[in-house]
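J.: Please read through the structure below; I'll follow up with questions.
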Amino acid sequence: MSGRVNFVLALALVLCALSLVNAQYQARRLFVELERSQSVARQLEVEWSQLQLDQSRLGLHSRIDALARQDLNMVPVTHDRTEYLTVEAK
Amino acid sequence: MTRGATRTAAAKGVPFSASPVLAVQLPAWRSRFVLFVLFAAFCALVARALWLQGISTEFLQKQGELRYARTLELPATRGKITDRNGQVLASSLPVKAIWAIPEDVLQAPKAKLAELARLLDMSEAELRNKLDSDRSFVYLKRQVEQETADQIAKLGIDGIDTRKEYKRFYPEADVTAHVVGFTSVEDAGQDGMELAQQKNLAGMTGSRRVIEDRMGRIIEDEALREPHDGKDLALSIDSKIQYIAFTKLKEAVEKYQAKAGGIVVLDVKTGEVLALANLPTYDPNNRAVLTGAQLRNRVMTDMFEPGSTLKPFTIALGLETNRITPNSTFQTAPGVMMVGPSPIHDSHPHGMLTVSEIIQHSSNIGTAKIALEMPAQEMWNMFTTVGFGQQPKFGFPGAVAGRVRPFKSWRPIEQATMSYGQGIAVSLIQLARAYMIFARDGDEIPLSFQKVDELPTGQRVISEKTAREVRAMLENVVSPAGTAPKAQVPGYRVCGKTGTAYKVVNGTYAMPRRYIGSFAGFAPASNPRLIIAVMIDEPSGPLHFGGDVAAPVFAEVAASALRSMNVTPDSNVTNIVVPTEAAGEEM
């Protein structure tokens, strides 16, 4: 009788030990994955900052001004060439 | 013989008791000796164990940890600075600092060093100069962009390594330089809003303790202190208006051959600073050569005698205390008035003038006569309440308080000259803010360099009636008959006042005369939205009056800014009349 109990307990112990090994392995694997994703996130964040900066650089008023005047031959709006539409008060 | 016998005996399975070896008689001390040696060896083991477990355990644990645990620094990024519409004005990007161990690097082949020097953008001699050092750590170059750093790494020179750091980029460069400021190589704010908001912008670096495997890969976190990135900062600046203000100011400074200039644009409803520009300026991205003149934020830190732009405050005080009405008349002929022993001049004799006309023609004598009817303390109170001589609370580094002497020491002549802005010193931003009381129906609100979400409540300085009366007078100034016809804006009614002051150098007026032409005004007159103050320092061309050099800048900026803000025009006048002979103006 006690021999059977011992056997069951030993079996349970082995199973627990194996599942611990497995859990540890899974934890490491997931951790590496998390680590990788985080570094990708950081990379993307830097890229986003870079793009925002680029957008600002491309949208500089001095650049738009120069392009409009030189490449597109545009002139600033003046008051006498503007048609104002007033919404009638109800 | 004995040996042979034993082996045979063992092989043959002779029992131990019968072993012939037992028959050999050995001296008893030999066994005792062996026992003693065993005991001594055991003692040594115990002593060693005690030593390791008890005494050097801490050292050993540390050494062990060093082999698998590591503390990583988690960098935090400095917050971005944007304008009110989210356009980036300053942003940090990761770059590399290249450092070297000179001894190791100098052993590299010559060709590689030449290549390194080229990548670092310095001459070979310069590079050798840096490496010629006894120290074991030398920065070769800081803030190198990632691409170049990668190329350097590819060279594979021993003793060269990189360190991650951040570089601040300023896309608007010289246009917003004075507002935004700049940071040092260590990412600490040095000037402008970068300095003022250093606490919020700077991030808090975190750290992280990890366990590594034998390949150096991180396998587990032990402890973590989260890094906190710096907060982003939205300025009140509108980069479009800022650009308009900057370019128009630049044109004027060049056209009138001025030494310097400044302009500030305020939002009347919220107290936000929409634009602030100075000339000369600098490019914060490239600060290799910088002069003090370029760095100076004149709008905030330069005091000047405002001249006639101060007259409306004297008049407002007179109206507020019911000593005068807009139609009270004063005799300003013959163009000279004696206050005690000192004369006061008008540049043109005007004769009988109403209060309204005193402002329109900017008569010194008229203003002085009004001022002398009032106690000094009341004038001092007026100046102080609108912020002159008071340390400004703009949250901007280096803002000056200006100078208003205590009223107790005022002599009558001083009170008279102060009424038209001489013997008193203010900064341009103080002047612009003071005009708030006319633009806002009599109350004033705090200025802000950061975006304002809810409207601030004002503090009443003068009554609404007085504000409106002064506004009507200021509108007359900007008319063909006033001193600032060049400040007229097509489609909008505008108010403003010119000022021309002699420059004070070393406590006396500079000789030959040097001028500061200024203009402070707001538009549209029917419902003011913008206050614009312009200062042109030492115009050296033929023109130097505020109405000639500063007023046109006001008009151009107001026209473009009002249009870009979609403000409905309130006037049908489209053709601007500027008389060839500009109306006379006082200093």
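Ordering of the structure tokens sets the chain letters (A, B, ...), residue numbers begin anew at 1 in every chain, and ligands are numbered from 1 in the order given.
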For Arg225 (chain B), please output as a list in words all residues within 9 Å (counting only C-alpha atoms; exclusion window: fewer than 6 positions along the same chain).
T.: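 Within the cut-off, the hits are Leu74, Thr205, Gly206, Ser207, Arg208 and Arg209 of chain B.
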J.: Need to verify the contact set: Arg28 (chain A), 9 Å, only C-alpha atoms, exclusion of same-chain residues closer than 4 positions in sequence. Can you return it as a PyMOL selection string?
T.: (chain A and resi 23-24+32-33) or (chain B and resi 219-220)
J.: Compute the chain B side of the contact with chain A at 6 Å, counting only C-alpha atoms, and hand it back as a PyMOL selection string.
T.: chain B and resi 87-88+171+219
J.: Tell me, in Å to one decimal, how far CA of Lys167 (chain B) is from CA of Ile244 (chain B).
T.: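 Here the two named atoms are 28.1 Å from each other.
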J.: Could you pull out the alpha helix (DSSP H) residues of chain A from DSSP and send them as a PyMOL selection string?
T.: chain A and resi 2-58+61-70
J.: Name the residues of region 184-383 of chain B that come out as strand (DSSP E) in a backbone DSSP run; write them as a PyMOL selection string.
T.: chain B and resi 206-212+218-225+233-234+260-267+273-279+329-331+336-339+342-345+352-354
J.: Any idea what the distance is between CA of Ala559 (chain B) and CA of Glu357 (chain B)?
T.: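 CA of Glu357 (chain B) lies at a distance of 26.2 Å from CA of Ala559 (chain B).
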J.: Within 7 Å of Ser518 (chain B), counting only C-alpha atoms, which residues qualify if same-chain residues fewer than 3 places away don't, as a compact mmCIF listing (two decimals) with C-alpha atoms, in the first residue's frame?
T.:
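Written output follows (out22.txt):
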```txt
# COMPACT_ATOMS: atom_id res chain seq x y z
CA THR B 498 4.22 105.94 -32.84
CA GLY B 499 7.24 106.60 -30.73
CA THR B 500 10.72 107.85 -31.47
CA VAL B 534 7.54 96.96 -33.26
CA MET B 535 10.90 98.45 -32.39
CA ILE B 536 13.60 99.43 -34.86
CA GLY B 546 8.68 105.44 -35.55
CA ALA B 550 8.15 100.82 -37.45
```
J.: With distances taken over only C-alpha atoms, which of B:Leu431, B:Ala41, B:Val553, B:Ala439 is nearest to Gly307 (chain B)?
T.: B:Leu431
J.: Using only C-alpha atoms, which protein or nucleic acid residues come within 9 Å of region 440-447 of chain B? Drop anything in the same chain fewer than 6 positions from it, and give the result as a VMD selection string.
T.: chain B and resid 266 268 to 273 386 393 to 394 433 to 434 456 to 468 471 527 to 528
J.: Name all residues at most 10 Å from Gly547 (chain B) (count only C-alpha atoms; drop same-chain ones fewer than 6 positions away) and give them as an mmCIF file with N, CA and C atoms, in the first residue's frame.
T.:
```cif
data_model
loop_
_atom_site.group_PDB
_atom_site.id
_atom_site.type_symbol
_atom_site.label_atom_id
_atom_site.label_comp_id
_atom_site.auth_asym_id
_atom_site.auth_seq_id
_atom_site.Cartn_x
_atom_site.Cartn_y
_atom_site.Cartn_z
ATOM 1 N N VAL B 477 -4.690 108.535 -34.983
ATOM 2 C CA VAL B 477 -3.243 108.591 -35.235
ATOM 3 C C VAL B 477 -2.930 107.905 -36.557
ATOM 4 N N VAL B 478 -3.633 106.772 -36.763
ATOM 5 C CA VAL B 478 -3.397 105.999 -37.980
ATOM 6 C C VAL B 478 -4.357 106.479 -39.069
ATOM 7 N N GLY B 482 -2.775 111.874 -39.188
ATOM 8 C CA GLY B 482 -2.056 111.550 -37.957
ATOM 9 C C GLY B 482 -0.568 111.360 -38.206
ATOM 10 N N THR B 483 0.133 110.844 -37.168
ATOM 11 C CA THR B 483 1.577 110.673 -37.302
ATOM 12 C C THR B 483 1.956 109.333 -37.907
ATOM 13 N N ALA B 484 0.969 108.445 -38.032
ATOM 14 C CA ALA B 484 1.321 107.122 -38.538
ATOM 15 C C ALA B 484 0.445 106.675 -39.697
ATOM 16 N N PRO B 485 0.373 107.502 -40.772
ATOM 17 C CA PRO B 485 -0.455 107.060 -41.901
ATOM 18 C C PRO B 485 0.051 105.750 -42.508
ATOM 19 N N LYS B 486 1.328 105.474 -42.316
ATOM 20 C CA LYS B 486 1.882 104.261 -42.920
ATOM 21 C C LYS B 486 1.464 102.999 -42.171
ATOM 22 N N ALA B 487 0.777 103.162 -41.050
ATOM 23 C CA ALA B 487 0.336 101.989 -40.310
ATOM 24 C C ALA B 487 -1.043 101.530 -40.765
ATOM 25 N N LYS B 497 0.075 103.932 -31.880
ATOM 26 C CA LYS B 497 0.790 105.153 -31.526
ATOM 27 C C LYS B 497 2.254 104.946 -31.883
ATOM 28 N N THR B 498 2.806 106.000 -32.484
ATOM 29 C CA THR B 498 4.221 105.942 -32.839
ATOM 30 C C THR B 498 5.065 106.426 -31.673
ATOM 31 N N GLY B 499 6.319 106.065 -31.713
ATOM 32 C CA GLY B 499 7.243 106.597 -30.727
ATOM 33 C C GLY B 499 8.624 106.671 -31.345
ATOM 34 N N THR B 500 9.326 107.756 -31.041
ATOM 35 C CA THR B 500 10.715 107.852 -31.468
ATOM 36 C C THR B 500 11.471 108.343 -30.253
ATOM 37 N N GLY B 517 13.026 103.804 -33.194
ATOM 38 C CA GLY B 517 11.691 104.064 -33.722
ATOM 39 C C GLY B 517 10.787 102.920 -33.301
ATOM 40 N N SER B 518 9.634 103.265 -32.723
ATOM 41 C CA SER B 518 8.760 102.181 -32.291
ATOM 42 C C SER B 518 7.324 102.462 -32.692
ATOM 43 N N PHE B 519 6.530 101.422 -32.652
ATOM 44 C CA PHE B 519 5.111 101.561 -32.917
ATOM 45 C C PHE B 519 4.388 100.487 -32.137
ATOM 46 N N VAL B 553 5.973 98.174 -40.776
ATOM 47 C CA VAL B 553 6.098 96.770 -40.353
ATOM 48 C C VAL B 553 4.804 96.338 -39.680
ATOM 49 N N PHE B 554 4.290 97.217 -38.802
ATOM 50 C CA PHE B 554 3.018 96.934 -38.130
ATOM 51 C C PHE B 554 1.929 96.653 -39.159
ATOM 52 N N ALA B 582 4.868 113.650 -44.329
ATOM 53 C CA ALA B 582 4.287 113.023 -43.143
ATOM 54 C C ALA B 582 4.096 114.058 -42.050
ATOM 55 N N ALA B 583 2.999 113.901 -41.325
ATOM 56 C CA ALA B 583 2.707 114.847 -40.256
ATOM 57 C C ALA B 583 3.843 114.864 -39.244
ATOM 58 N N GLY B 584 4.031 115.995 -38.641
ATOM 59 C CA GLY B 584 5.135 116.158 -37.696
ATOM 60 C C GLY B 584 5.014 115.224 -36.508
ATOM 61 N N GLU B 585 6.144 114.880 -35.970
ATOM 62 C CA GLU B 585 6.113 113.950 -34.845
ATOM 63 C C GLU B 585 7.135 114.370 -33.810
#
```
J.: CA of Ala533 (chain B) to CA of Ala551 (chain B): how many Å, to one decimal?
T.: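 Taking CA of Ala533 (chain B) as the start and CA of Ala551 (chain B) as the end point, the length is 9.3 Å.
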